[in-house]
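Containing mmCIF, C-alpha atoms and all ligand atoms: query09.cif.
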```
data_run
#
loop_
_atom_site.label_atom_id
_atom_site.label_comp_id
_atom_site.auth_asym_id
_atom_site.auth_seq_id
_atom_site.Cartn_x
_atom_site.Cartn_y
_atom_site.Cartn_z
CA MET F 223 33.36 8.47 15.28
CA SER F 224 31.52 5.77 13.39
CA GLU F 225 30.54 6.38 9.76
CA THR F 226 27.12 7.58 8.72
CA ARG F 227 25.37 5.67 5.98
CA GLU F 228 23.24 7.55 3.46
CA LEU F 229 19.94 6.28 2.15
CA ASP F 230 18.16 7.97 -0.73
CA ALA F 231 14.42 7.35 -0.52
CA ARG F 232 13.32 10.35 -2.55
CA ARG F 233 10.12 9.94 -4.57
CA LEU F 234 9.31 6.73 -2.72
CA LEU F 235 5.98 6.73 -0.96
CA CYS F 236 5.38 5.27 2.47
CA PRO F 237 5.82 2.57 3.53
CA LEU F 238 8.70 2.11 1.06
CA PRO F 239 11.05 4.55 2.84
CA VAL F 240 10.38 2.57 6.04
CA ILE F 241 11.09 -0.73 4.29
CA ARG F 242 14.34 0.62 2.79
CA THR F 243 15.36 1.96 6.22
CA GLN F 244 14.56 -1.36 7.87
CA ASP F 245 16.59 -3.26 5.26
CA ALA F 246 19.55 -0.89 5.61
CA VAL F 247 19.52 -1.02 9.41
CA GLU F 248 19.51 -4.82 9.30
CA GLN F 249 22.98 -4.64 7.72
CA MET F 250 24.29 -2.17 10.30
CA GLN F 251 25.79 -2.37 13.80
CA PRO F 252 24.43 -0.78 17.00
CA GLY F 253 25.69 2.80 17.37
CA GLN F 254 26.06 3.36 13.62
CA ARG F 255 24.11 6.18 12.04
CA LEU F 256 21.84 6.29 9.03
CA ARG F 257 20.89 9.47 7.21
CA LEU F 258 17.72 9.17 5.18
CA ILE F 259 16.59 11.63 2.51
CA ALA F 260 12.94 11.36 1.56
CA THR F 261 10.18 13.39 -0.04
CA ASP F 262 7.02 11.71 1.31
CA PRO F 263 6.03 13.78 4.37
CA GLY F 264 4.68 10.56 5.89
CA VAL F 265 8.23 9.68 6.94
CA LYS F 266 8.05 12.34 9.65
CA ASN F 267 5.60 10.07 11.49
CA ASP F 268 6.49 6.65 10.19
CA ILE F 269 10.26 6.63 10.72
CA PRO F 270 10.04 7.76 14.37
CA ALA F 271 7.25 5.21 14.98
CA TRP F 272 9.32 2.48 13.38
CA CYS F 273 12.36 3.51 15.46
CA ARG F 274 10.35 3.51 18.70
CA ILE F 275 9.03 -0.03 18.20
CA ASN F 276 12.38 -1.38 17.11
CA GLY F 277 14.59 0.35 19.68
CA HIS F 278 16.47 2.79 17.43
CA SER F 279 16.73 6.52 18.07
CA VAL F 280 15.92 9.48 15.88
CA GLU F 281 18.66 12.10 16.20
CA SER F 282 17.19 14.79 13.99
CA ILE F 283 14.51 15.59 11.45
CA GLU F 284 15.21 18.52 9.12
CA GLU F 285 13.22 19.85 6.22
CA GLN F 286 14.94 21.42 3.24
CA GLY F 287 12.37 22.53 0.71
CA ASP F 288 10.51 19.39 -0.29
CA GLU F 289 13.14 17.09 1.14
CA ILE F 290 13.13 15.62 4.60
CA LEU F 291 16.38 14.49 6.19
CA ILE F 292 16.24 12.11 9.11
CA THR F 293 19.23 10.85 11.03
CA ILE F 294 18.88 7.76 13.17
CA THR F 295 21.22 5.82 15.40
CA VAL F 296 20.90 2.05 15.32
CA GLY F 297 19.99 0.59 18.73
CA GLU F 298 20.84 -2.72 20.37
CA THR F 299 18.60 -5.51 19.15
CA MET Z 144 11.71 -21.80 33.00
CA SER Z 145 11.28 -22.65 29.38
CA GLU Z 146 11.43 -19.96 26.73
CA PRO Z 147 8.01 -18.65 25.71
CA ARG Z 148 6.64 -19.86 22.38
CA LYS Z 149 6.94 -17.39 19.54
CA ALA Z 150 4.26 -16.36 17.07
CA ILE Z 151 4.20 -14.04 14.10
CA ALA Z 152 0.98 -12.06 13.65
CA LEU Z 153 -0.16 -10.79 10.26
CA ILE Z 154 -0.83 -7.12 10.96
CA SER Z 155 -2.94 -5.26 8.42
CA GLY Z 156 -3.43 -2.12 10.47
CA GLY Z 157 -7.10 -2.87 11.14
CA LEU Z 158 -8.78 -3.91 14.36
CA ASP Z 159 -9.12 -7.67 13.86
CA SER Z 160 -5.44 -8.47 13.45
CA MET Z 161 -4.69 -6.17 16.39
CA LEU Z 162 -7.11 -8.10 18.60
CA ALA Z 163 -5.85 -11.48 17.42
CA ALA Z 164 -2.27 -10.56 18.31
CA LYS Z 165 -3.32 -9.23 21.71
CA VAL Z 166 -5.32 -12.36 22.56
CA ILE Z 167 -2.22 -14.49 22.02
CA MET Z 168 0.11 -12.06 23.82
CA GLU Z 169 -2.22 -12.32 26.83
CA GLN Z 170 -1.41 -16.02 26.92
CA GLY Z 171 2.28 -15.33 27.47
CA VAL Z 172 3.36 -16.02 23.90
CA HIS Z 173 6.08 -13.80 22.40
CA VAL Z 174 4.42 -12.08 19.42
CA GLU Z 175 5.96 -10.04 16.63
CA GLY Z 176 4.09 -8.53 13.69
CA ILE Z 177 4.55 -8.92 9.96
CA ASN Z 178 3.04 -6.70 7.29
CA PHE Z 179 3.24 -7.29 3.55
CA PHE Z 180 3.51 -4.42 1.10
CA THR Z 181 2.00 -5.47 -2.22
CA GLY Z 182 2.05 -1.99 -3.75
CA PHE Z 183 -1.75 -1.82 -3.61
CA CYS Z 184 -2.04 -1.24 0.13
CA VAL Z 185 -4.21 1.71 1.08
CA GLU Z 186 -1.53 2.94 3.49
CA GLY Z 187 -0.45 6.52 3.03
CA HIS Z 188 0.17 6.86 -0.66
CA THR Z 189 -2.52 9.04 -2.16
CA HIS Z 190 -2.85 10.82 1.13
CA ALA Z 191 0.75 11.86 0.75
CA ILE Z 192 0.13 13.06 -2.79
CA ARG Z 193 -3.10 15.03 -2.77
CA SER Z 194 -2.82 18.54 -1.40
CA LYS Z 195 -6.11 18.35 0.44
CA ASP Z 196 -4.88 15.34 2.40
CA ARG Z 197 -1.45 16.69 3.20
CA GLN Z 198 -2.55 18.65 6.22
CA ARG Z 199 -4.19 15.68 7.86
CA PRO Z 200 -1.95 13.84 10.30
CA LYS Z 201 -1.00 10.68 8.53
CA ARG Z 202 0.20 7.49 10.03
CA ASN Z 203 1.02 4.02 8.92
CA ASN Z 204 -1.65 1.95 10.61
CA ALA Z 205 0.38 -1.23 10.84
CA LEU Z 206 3.16 0.64 12.64
CA TRP Z 207 0.61 2.32 14.87
CA VAL Z 208 -0.93 -1.04 15.79
CA ALA Z 209 2.49 -2.52 16.57
CA GLU Z 210 3.27 0.42 18.79
CA GLN Z 211 -0.03 0.09 20.66
CA LEU Z 212 0.69 -3.58 21.20
CA GLY Z 213 4.32 -2.96 22.09
CA ILE Z 214 5.59 -5.46 19.52
CA ARG Z 215 8.14 -5.36 16.74
CA LEU Z 216 6.90 -5.12 13.18
CA HIS Z 217 8.56 -6.50 10.08
CA ILE Z 218 7.39 -4.85 6.86
CA VAL Z 219 8.12 -6.99 3.83
CA ASP Z 220 8.26 -5.74 0.25
CA VAL Z 221 6.43 -8.35 -1.86
CA ILE Z 222 5.69 -6.15 -4.88
CA GLU Z 223 7.44 -8.45 -7.37
CA GLU Z 224 6.15 -11.76 -6.04
CA TYR Z 225 2.65 -10.38 -5.71
CA LYS Z 226 2.36 -9.93 -9.47
CA ASP Z 227 1.75 -13.61 -9.96
CA VAL Z 228 -0.98 -13.57 -7.31
CA LEU Z 229 -2.79 -10.70 -8.98
CA LEU Z 230 -2.25 -11.77 -12.58
CA ASN Z 231 -3.01 -15.47 -12.18
CA PRO Z 232 -5.25 -16.06 -9.19
CA LYS Z 233 -6.21 -19.71 -9.02
CA HIS Z 234 -9.42 -18.84 -7.20
CA GLY Z 235 -10.28 -15.80 -9.27
CA TYR Z 236 -11.25 -12.32 -8.25
CA GLY Z 237 -13.78 -10.92 -5.80
CA GLN Z 238 -16.18 -8.15 -6.69
CA ASN Z 239 -13.40 -6.08 -8.26
CA MET Z 240 -9.80 -6.99 -9.08
CA ASN Z 241 -9.18 -8.30 -5.56
CA PRO Z 242 -7.83 -11.87 -5.55
CA CYS Z 243 -8.50 -12.16 -1.81
CA LEU Z 244 -8.33 -15.92 -1.40
CA ASP Z 245 -5.07 -16.30 -3.30
CA CYS Z 246 -3.76 -13.18 -1.57
CA LYS Z 247 -4.44 -14.58 1.91
CA GLY Z 248 -2.83 -17.88 0.93
CA PHE Z 249 0.20 -16.03 -0.40
CA MET Z 250 0.62 -13.93 2.74
CA VAL Z 251 0.30 -16.89 5.05
CA ARG Z 252 2.81 -18.77 2.89
CA LYS Z 253 5.27 -15.88 3.20
CA ALA Z 254 4.68 -15.81 6.95
CA HIS Z 255 5.30 -19.55 7.08
CA GLU Z 256 8.63 -19.11 5.27
CA TRP Z 257 9.46 -16.34 7.70
CA ILE Z 258 8.81 -18.39 10.84
CA ARG Z 259 10.98 -21.18 9.51
CA GLU Z 260 13.84 -18.77 8.87
CA HIS Z 261 13.48 -17.01 12.21
CA GLY Z 262 12.74 -19.93 14.52
CA PHE Z 263 9.18 -18.93 15.38
CA ASP Z 264 6.54 -21.51 16.26
CA PHE Z 265 3.27 -20.46 14.65
CA ILE Z 266 1.26 -17.87 12.73
CA ILE Z 267 -1.73 -15.78 13.81
CA THR Z 268 -4.25 -13.94 11.65
CA GLY Z 269 -7.27 -11.84 12.53
CA GLU Z 270 -9.57 -13.75 10.19
CA VAL Z 271 -13.15 -14.36 11.28
CA VAL Z 272 -15.34 -17.09 9.79
CA GLY Z 273 -18.05 -15.65 7.55
CA GLN Z 274 -16.75 -12.11 7.64
CA ARG Z 275 -15.68 -11.70 4.05
CA PRO Z 276 -17.54 -13.20 1.11
CA MET Z 277 -14.50 -14.76 -0.50
CA SER Z 278 -11.55 -15.39 1.74
CA GLN Z 279 -13.15 -15.77 5.14
CA ARG Z 280 -15.82 -18.42 4.63
CA LYS Z 281 -15.93 -21.63 6.59
CA ASP Z 282 -15.11 -23.64 3.48
CA THR Z 283 -12.28 -21.36 2.36
CA MET Z 284 -10.46 -21.06 5.68
CA PRO Z 285 -8.93 -24.55 5.30
CA VAL Z 286 -7.92 -23.62 1.73
CA VAL Z 287 -5.68 -20.85 3.06
CA ALA Z 288 -4.14 -23.16 5.67
CA ARG Z 289 -3.55 -25.90 3.10
CA GLU Z 290 -2.38 -23.93 0.09
CA SER Z 291 -0.04 -21.73 2.11
CA GLY Z 292 1.68 -24.82 3.45
CA ALA Z 293 1.22 -23.52 6.99
CA GLY Z 294 -1.35 -26.24 7.81
CA ASP Z 295 -2.13 -26.44 11.48
CA LEU Z 296 0.52 -23.86 12.39
CA LEU Z 297 -2.04 -21.26 11.35
CA LEU Z 298 -4.14 -20.10 14.28
CA ARG Z 299 -7.09 -17.69 14.02
CA PRO Z 300 -7.65 -16.67 17.64
CA LEU Z 301 -10.88 -14.75 16.98
CA CYS Z 302 -12.75 -17.72 15.53
CA ALA Z 303 -10.63 -20.68 16.63
CA LYS Z 304 -13.56 -22.33 18.39
CA HIS Z 305 -15.33 -22.80 15.07
CA LEU Z 306 -12.31 -24.55 13.58
CA PRO Z 307 -10.49 -27.79 14.39
CA PRO Z 308 -7.76 -27.42 17.06
CA THR Z 309 -4.43 -26.35 15.58
CA LEU Z 310 -1.03 -27.53 16.72
CA PRO Z 311 -0.48 -24.62 19.15
CA GLU Z 312 -3.78 -25.58 20.83
CA ARG Z 313 -3.14 -29.32 20.87
CA GLU Z 314 0.34 -28.85 22.27
CA GLY Z 315 -0.96 -26.49 24.95
CA TRP Z 316 1.15 -23.52 23.78
CA VAL Z 317 -2.13 -21.64 23.88
CA ASP Z 318 -5.27 -22.39 25.84
CA ARG Z 319 -8.13 -23.03 23.41
CA ASP Z 320 -10.67 -22.13 26.09
CA LYS Z 321 -9.37 -18.58 26.05
CA LEU Z 322 -9.79 -18.22 22.29
CA TYR Z 323 -12.95 -16.90 20.63
CA ASP Z 324 -15.88 -17.99 18.52
CA PHE Z 325 -16.63 -14.87 16.50
CA SER Z 326 -18.40 -15.36 13.21
CA GLY Z 327 -20.26 -13.45 10.55
CA ARG Z 328 -20.28 -9.87 9.53
CA THR Z 329 -21.27 -8.32 12.87
CA ARG Z 330 -18.54 -6.20 14.43
CA LYS Z 331 -20.06 -6.19 17.92
CA PRO Z 332 -17.84 -8.87 19.51
CA GLN Z 333 -14.73 -7.14 18.13
CA MET Z 334 -15.89 -3.82 19.57
CA ALA Z 335 -16.50 -5.41 22.96
CA LEU Z 336 -13.09 -7.06 22.99
CA ALA Z 337 -11.42 -3.81 21.91
CA GLU Z 338 -13.15 -2.09 24.80
CA GLN Z 339 -11.93 -4.78 27.18
CA PHE Z 340 -8.32 -4.31 25.99
CA GLY Z 341 -8.69 -0.52 26.13
CA PHE Z 342 -8.05 -0.05 22.39
CA ARG Z 343 -9.25 3.21 20.88
CA ASP Z 344 -8.84 5.04 17.63
CA TRP Z 345 -8.09 2.09 15.38
CA ALA Z 346 -8.30 2.43 11.62
CA THR Z 347 -11.44 1.36 9.81
CA PRO Z 348 -10.53 1.21 6.16
CA ALA Z 349 -13.72 1.23 4.09
CA GLY Z 350 -13.85 -1.66 1.66
CA GLY Z 351 -10.72 -3.46 2.75
CA CYS Z 352 -7.01 -3.32 3.12
CA CYS Z 353 -6.12 -2.60 -0.48
CA PHE Z 354 -6.98 -0.62 -3.60
CA LEU Z 355 -7.93 -3.76 -5.49
CA THR Z 356 -11.31 -3.81 -3.73
CA ASP Z 357 -11.98 -0.32 -5.09
CA LYS Z 358 -14.09 -0.25 -8.24
CA ALA Z 359 -12.63 2.94 -9.72
CA TYR Z 360 -9.11 1.66 -9.19
CA SER Z 361 -9.88 -1.78 -10.62
CA ASP Z 362 -11.45 -0.18 -13.70
CA LYS Z 363 -8.25 1.77 -14.33
CA LEU Z 364 -6.16 -1.33 -13.90
CA VAL Z 365 -8.27 -3.33 -16.36
CA ASP Z 366 -8.22 -0.43 -18.82
CA MET Z 367 -4.43 -0.34 -18.62
CA TRP Z 368 -4.14 -4.06 -19.36
CA GLN Z 369 -6.65 -3.93 -22.19
CA HIS Z 370 -4.60 -1.31 -23.97
CA ARG Z 371 -1.22 -2.87 -23.48
CA ALA Z 372 0.39 -5.79 -25.18
CA SER Z 373 0.62 -7.69 -21.89
CA ARG Z 374 -1.04 -7.82 -18.52
CA ASP Z 375 2.14 -6.85 -16.71
CA TYR Z 376 2.72 -3.87 -14.41
CA ASP Z 377 5.39 -2.21 -12.34
CA LEU Z 378 5.35 -0.05 -9.23
CA ASP Z 379 5.11 3.18 -11.24
CA ASP Z 380 1.98 1.88 -12.96
CA ILE Z 381 0.38 1.05 -9.63
CA MET Z 382 1.17 4.50 -8.27
CA LEU Z 383 0.02 6.39 -11.35
CA LEU Z 384 -3.35 4.64 -11.29
CA LYS Z 385 -3.90 6.20 -7.87
CA VAL Z 386 -3.17 9.72 -9.06
CA GLY Z 387 -5.08 12.21 -11.21
CA ARG Z 388 -7.97 12.09 -13.60
CA HIS Z 389 -7.50 9.47 -16.32
CA LEU Z 390 -8.98 10.09 -19.77
CA ARG Z 391 -8.58 7.81 -22.76
CA PRO Z 392 -9.63 9.72 -25.90
CA ARG Z 393 -8.09 7.15 -28.25
CA PRO Z 394 -7.37 3.46 -27.68
CA HIS Z 395 -3.60 3.94 -27.98
CA PHE Z 396 -3.11 6.69 -25.44
CA LYS Z 397 -4.53 8.14 -22.27
CA LEU Z 398 -4.03 11.34 -20.33
CA ILE Z 399 -3.26 11.61 -16.64
CA ILE Z 400 -4.40 15.03 -15.46
CA ALA Z 401 -3.30 16.33 -12.05
CA ARG Z 402 -6.25 17.36 -9.91
CA ASP Z 403 -4.32 19.64 -7.60
CA GLU Z 404 -0.88 20.98 -6.81
CA GLY Z 405 0.14 17.94 -4.81
CA GLU Z 406 -0.65 15.62 -7.68
CA GLY Z 407 1.07 18.00 -10.09
CA LYS Z 408 4.24 17.80 -8.02
CA PHE Z 409 4.04 14.04 -7.92
CA LEU Z 410 3.53 13.77 -11.69
CA GLU Z 411 6.51 16.11 -12.26
CA GLY Z 412 8.66 13.17 -11.23
CA TYR Z 413 7.44 11.23 -14.27
CA ARG Z 414 8.24 13.80 -16.96
CA LYS Z 415 11.34 11.86 -17.95
CA GLN Z 416 9.19 8.84 -18.79
CA PHE Z 417 6.18 10.46 -20.46
CA THR Z 418 5.34 13.23 -22.88
CA SER Z 419 3.95 16.04 -20.72
CA LEU Z 420 1.78 19.07 -21.32
CA LYS Z 421 1.57 22.27 -19.34
CA THR Z 422 -0.46 25.37 -20.16
CA VAL Z 423 1.70 28.51 -20.20
CA SER Z 424 -0.70 31.31 -21.20
CA HIS Z 425 -3.02 30.39 -18.34
CA GLY Z 426 -2.82 28.39 -15.12
CA GLY Z 427 -3.49 24.70 -15.57
CA PRO Z 428 -2.63 21.21 -14.43
CA LEU Z 429 0.32 19.12 -15.49
CA VAL Z 430 -0.83 16.41 -17.91
CA LEU Z 431 1.06 13.24 -18.82
CA ILE Z 432 0.41 11.29 -22.02
CA ASP Z 433 0.66 7.53 -21.60
CA GLY Z 434 1.07 5.84 -24.99
CA GLU Z 435 2.74 6.35 -28.37
CA VAL Z 436 1.40 9.55 -29.91
CA ASN Z 437 1.66 11.42 -33.23
CA ASP Z 438 1.16 15.16 -33.83
CA ASP Z 439 -2.62 14.85 -34.22
CA ASP Z 440 -2.84 12.97 -30.94
CA ILE Z 441 -0.74 15.62 -29.22
CA GLU Z 442 -3.01 18.35 -30.54
CA LEU Z 443 -6.09 16.55 -29.22
CA ALA Z 444 -4.34 15.98 -25.88
CA ALA Z 445 -3.42 19.67 -25.73
CA ARG Z 446 -7.01 20.73 -26.42
CA ILE Z 447 -8.21 18.47 -23.61
CA ALA Z 448 -5.47 19.72 -21.27
CA ALA Z 449 -6.48 23.32 -22.08
CA ARG Z 450 -10.05 22.42 -21.19
CA TYR Z 451 -8.94 21.52 -17.65
CA GLY Z 452 -7.01 24.77 -17.10
CA GLN Z 453 -8.02 28.33 -16.32
CA GLY Z 454 -8.06 29.23 -19.99
CA ARG Z 455 -10.94 26.83 -20.65
CA SER Z 456 -13.13 29.63 -22.06
CA ALA Z 457 -10.35 31.48 -23.89
CA PRO Z 458 -10.25 31.30 -27.70
CA GLN Z 459 -6.63 30.10 -27.69
CA VAL Z 460 -4.40 28.60 -25.04
CA ALA Z 461 -0.63 28.21 -25.27
CA LEU Z 462 0.98 25.06 -23.93
CA GLU Z 463 4.41 23.54 -23.69
CA VAL Z 464 4.76 19.99 -24.93
CA THR Z 465 7.77 18.14 -23.60
CA PRO Z 466 8.74 14.71 -24.92
CA PRO Z 467 10.23 12.27 -22.36
CA GLY Z 468 13.42 13.85 -21.10
CA GLY Z 469 13.46 16.24 -24.10
CA GLU Z 470 13.15 19.96 -24.82
CA PRO Z 471 9.74 21.68 -24.61
CA ARG Z 472 8.06 23.13 -27.69
CA ARG Z 473 5.19 25.58 -27.79
CA LEU Z 474 1.74 24.81 -29.13
CA GLU Z 475 -1.37 26.99 -29.39
CA VAL Z 476 -4.77 25.33 -29.41
CA GLU Z 477 -8.43 26.02 -28.92
CA PRO Z 478 -9.69 24.35 -25.72
CA LEU Z 479 -12.00 21.45 -26.48
CA HIS Z 480 -15.67 22.24 -25.95
CA PRO Z 481 -17.11 20.35 -22.96
CA ASN Z 482 -19.68 18.69 -25.26
CA ASP Z 483 -16.82 17.25 -27.28
CA ILE Z 484 -15.39 15.43 -24.29
CA ASP Z 485 -16.97 12.02 -24.57
CA PRO Z 486 -17.98 10.78 -21.09
CA ALA Z 487 -16.73 7.35 -22.17
CA TRP Z 488 -13.20 8.75 -22.24
CA HIS Z 489 -13.17 8.88 -18.45
CA VAL Z 490 -11.49 5.73 -17.25
S1 LIG F 501 -8.38 -6.79 0.23
FE1 LIG F 501 -6.46 -6.79 -0.98
S2 LIG F 501 -4.82 -7.16 0.56
FE2 LIG F 501 -6.78 -7.73 1.52
S3 LIG F 501 -6.96 -9.95 1.11
FE3 LIG F 501 -8.06 -8.89 -0.55
S4 LIG F 501 -6.56 -8.67 -2.18
FE4 LIG F 501 -5.42 -9.13 -0.31
#
```

File written out as structure tokens:
Amino acid sequence: MSETRELDARRLLCPLPVIRTQDAVEQMQPGQRLRLIATDPGVKNDIPAWCRINGHSVESIEEQGDEILITITVGET
Amino acid sequence: MSEPRKAIALISGGLDSMLAAKVIMEQGVHVEGINFFTGFCVEGHTHAIRSKDRQRPKRNNALWVAEQLGIRLHIVDVIEEYKDVLLNPKHGYGQNMNPCLDCKGFMVRKAHEWIREHGFDFIITGEVVGQRPMSQRKDTMPVVARESGAGDLLLRPLCAKHLPPTLPEREGWVDRDKLYDFSGRTRKPQMALAEQFGFRDWATPAGGCCFLTDKAYSDKLVDMWQHRASRDYDLDDIMLLKVGRHLRPRPHFKLIIARDEGEGKFLEGYRKQFTSLKTVSHGGPLVLIDGEVNDDDIELAARIAARYGQGRSAPQVALEVTPPGGEPRRLEVEPLHPNDIDPAWHV
């Protein structure tokens, strides 16, 4: 099982969580997973859109109070 | 077969850059998008903060455009570098604090650096001659090409026929005959082309792509600089200027008053950096104090804060005053009478 990287994007407003995700994914290998924690509800649209255009997949989106947790798997680029 | 030529398209999220990218894609060029985040972009932000906007489906327009076009999008954080553009624009400001000409030059320069690093051949923008009073005039279009260093690697497909042929045209990477000759402020040709490509539902930001074209925002920015030792700023400053009601009752401090629950929640995150006020005897907004304050200032701030809460007509209102990261203390004040709130305090 490959490791899951964590990314804390709480209090950042879109598009910063997307930029941080993009920069983190650039350093990762296909198949690795990234778990993002954010508070801007915009990430629920923006992260999946960003994943779709860049060939990554969203595994889950969970909401815990004001926090949104999104897990993505890095695709082949 | 030779590899297709590669172009990077500046994608703002609006219609023009979307059309420009599509026109070049139609010519068999491989196109990817680039979007620069200066901190002032209209994207999301306040919509994510204000309660009334939270219910509305929100999307990042640049990402949406890229998805419609089926291209990749690179979003670049230029917050730090952009400071110099905004603080020292060689060509000055537009109607408000928007340094559009320097801004365009900066973005094209960044795109030029990007294509060199990534092995791309040229740059596309959605600019149209005569569309914007400052950055998109016939005499300023060459300024952007020259000062960005991109020179004739900068192609504007929507108005290329009004401009000298660029390298991609001269080399035959793109067919100049299939480029356009749009000019002026009319949007009709863009609408027709959008129709032809089957584009619907694109974003039409009023005023422009960033907050700097907004008068109320620019006023707050200038006010902030006038009352600080230097004209600097950081990302928190930019964000806070977008949120709440700003009142400056004294030159050395101002109040940021949440206008709804969403803003209150957002401002909560800043209580470690600012003295904050919250009414406790009655409902009321969270208020931050920006500036160095003494006890008299705090009392005035508390009376103003009380004025914006539900106890506005009560004889006395109790508040908690919390210094940055410190313990709250209680204060009882009489809400300020509306006539005593000088309209000039509103930033
Ligand atoms: S409106 Fe803002 S982002 Fe657009 S060119 Fe002008 S300064 Fe730059």

| field | Neighbours of chain Z in chain F at 8 Å, counting all atoms listed in the file, as JSON, numbers by chain | value | {"F": [233, 235, 236, 237, 238, 241, 262, 263, 264, 267, 268, 271, 272, 274, 275, 276]}

Residues up to 10 Å from ligand LIG 501 (chain F), counting all atoms listed in the file: could you list those as a PDB file with C-alpha atoms, in the coordinates of the input?
```pdb
ATOM      1  CA  SER Z 155      -2.940  -5.260   8.420  1.00  0.00           C
ATOM      2  CA  PHE Z 179       3.240  -7.290   3.550  1.00  0.00           C
ATOM      3  CA  PHE Z 180       3.510  -4.420   1.100  1.00  0.00           C
ATOM      4  CA  THR Z 181       2.000  -5.470  -2.220  1.00  0.00           C
ATOM      5  CA  GLY Z 182       2.050  -1.990  -3.750  1.00  0.00           C
ATOM      6  CA  PHE Z 183      -1.750  -1.820  -3.610  1.00  0.00           C
ATOM      7  CA  CYS Z 184      -2.040  -1.240   0.130  1.00  0.00           C
ATOM      8  CA  VAL Z 185      -4.210   1.710   1.080  1.00  0.00           C
ATOM      9  CA  TYR Z 225       2.650 -10.380  -5.710  1.00  0.00           C
ATOM     10  CA  VAL Z 228      -0.980 -13.570  -7.310  1.00  0.00           C
ATOM     11  CA  LEU Z 229      -2.790 -10.700  -8.980  1.00  0.00           C
ATOM     12  CA  TYR Z 236     -11.250 -12.320  -8.250  1.00  0.00           C
ATOM     13  CA  GLY Z 237     -13.780 -10.920  -5.800  1.00  0.00           C
ATOM     14  CA  ASN Z 239     -13.400  -6.080  -8.260  1.00  0.00           C
ATOM     15  CA  MET Z 240      -9.800  -6.990  -9.080  1.00  0.00           C
ATOM     16  CA  ASN Z 241      -9.180  -8.300  -5.560  1.00  0.00           C
ATOM     17  CA  PRO Z 242      -7.830 -11.870  -5.550  1.00  0.00           C
ATOM     18  CA  CYS Z 243      -8.500 -12.160  -1.810  1.00  0.00           C
ATOM     19  CA  LEU Z 244      -8.330 -15.920  -1.400  1.00  0.00           C
ATOM     20  CA  ASP Z 245      -5.070 -16.300  -3.300  1.00  0.00           C
ATOM     21  CA  CYS Z 246      -3.760 -13.180  -1.570  1.00  0.00           C
ATOM     22  CA  LYS Z 247      -4.440 -14.580   1.910  1.00  0.00           C
ATOM     23  CA  GLY Z 248      -2.830 -17.880   0.930  1.00  0.00           C
ATOM     24  CA  PHE Z 249       0.200 -16.030  -0.400  1.00  0.00           C
ATOM     25  CA  MET Z 250       0.620 -13.930   2.740  1.00  0.00           C
ATOM     26  CA  ARG Z 275     -15.680 -11.700   4.050  1.00  0.00           C
ATOM     27  CA  MET Z 277     -14.500 -14.760  -0.500  1.00  0.00           C
ATOM     28  CA  SER Z 278     -11.550 -15.390   1.740  1.00  0.00           C
ATOM     29  CA  GLN Z 279     -13.150 -15.770   5.140  1.00  0.00           C
ATOM     30  CA  GLY Z 350     -13.850  -1.660   1.660  1.00  0.00           C
ATOM     31  CA  GLY Z 351     -10.720  -3.460   2.750  1.00  0.00           C
ATOM     32  CA  CYS Z 352      -7.010  -3.320   3.120  1.00  0.00           C
ATOM     33  CA  CYS Z 353      -6.120  -2.600  -0.480  1.00  0.00           C
ATOM     34  CA  PHE Z 354      -6.980  -0.620  -3.600  1.00  0.00           C
ATOM     35  CA  LEU Z 355      -7.930  -3.760  -5.490  1.00  0.00           C
ATOM     36  CA  THR Z 356     -11.310  -3.810  -3.730  1.00  0.00           C
ATOM     37  CA  ASP Z 357     -11.980  -0.320  -5.090  1.00  0.00           C
TER      38      ASP Z 357
END
```

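Our summary of the geometry notes that atom CA of Leu431 of chain Z is positioned 11.2 Å from atom CA of Val386 of chain Z.
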
| query | Taking (-11.2, -2.7, 21.4) in the file's coordinates as the center, which residues reach within 12 Å of it, counting only C-alpha atoms, put as a list in words? | reply |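 Residues close enough to count: Gly157, Leu158, Asp159, Ser160, Met161, Leu162, Ala163, Lys165, Val166, Val208, Gln211, Leu212, Arg330, Lys331, Pro332, Gln333, Met334, Ala335, Leu336, Ala337, Glu338, Gln339, Phe340, Gly341, Phe342, Arg343, Asp344, Trp345 and Ala346 of chain Z.
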
Give me the residues within 6 Å of segment 287-298 of chain F as a PDB file with C-alpha atoms, in the frame of the given file, counting only C-alpha atoms and dropping any in the same chain fewer than 5 places off.
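See out.pdb below for the written result:
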```
ATOM      1  CA  PRO F 252      24.430  -0.780  17.000  1.00  0.00           C
ATOM      2  CA  GLY F 253      25.690   2.800  17.370  1.00  0.00           C
ATOM      3  CA  GLN F 254      26.060   3.360  13.620  1.00  0.00           C
ATOM      4  CA  ARG F 255      24.110   6.180  12.040  1.00  0.00           C
ATOM      5  CA  LEU F 256      21.840   6.290   9.030  1.00  0.00           C
ATOM      6  CA  ARG F 257      20.890   9.470   7.210  1.00  0.00           C
ATOM      7  CA  LEU F 258      17.720   9.170   5.180  1.00  0.00           C
ATOM      8  CA  ILE F 259      16.590  11.630   2.510  1.00  0.00           C
ATOM      9  CA  ALA F 260      12.940  11.360   1.560  1.00  0.00           C
ATOM     10  CA  THR F 261      10.180  13.390  -0.040  1.00  0.00           C
ATOM     11  CA  GLY F 277      14.590   0.350  19.680  1.00  0.00           C
ATOM     12  CA  HIS F 278      16.470   2.790  17.430  1.00  0.00           C
ATOM     13  CA  SER F 279      16.730   6.520  18.070  1.00  0.00           C
ATOM     14  CA  VAL F 280      15.920   9.480  15.880  1.00  0.00           C
ATOM     15  CA  GLU F 281      18.660  12.100  16.200  1.00  0.00           C
ATOM     16  CA  SER F 282      17.190  14.790  13.990  1.00  0.00           C
TER      17      SER F 282
END
```
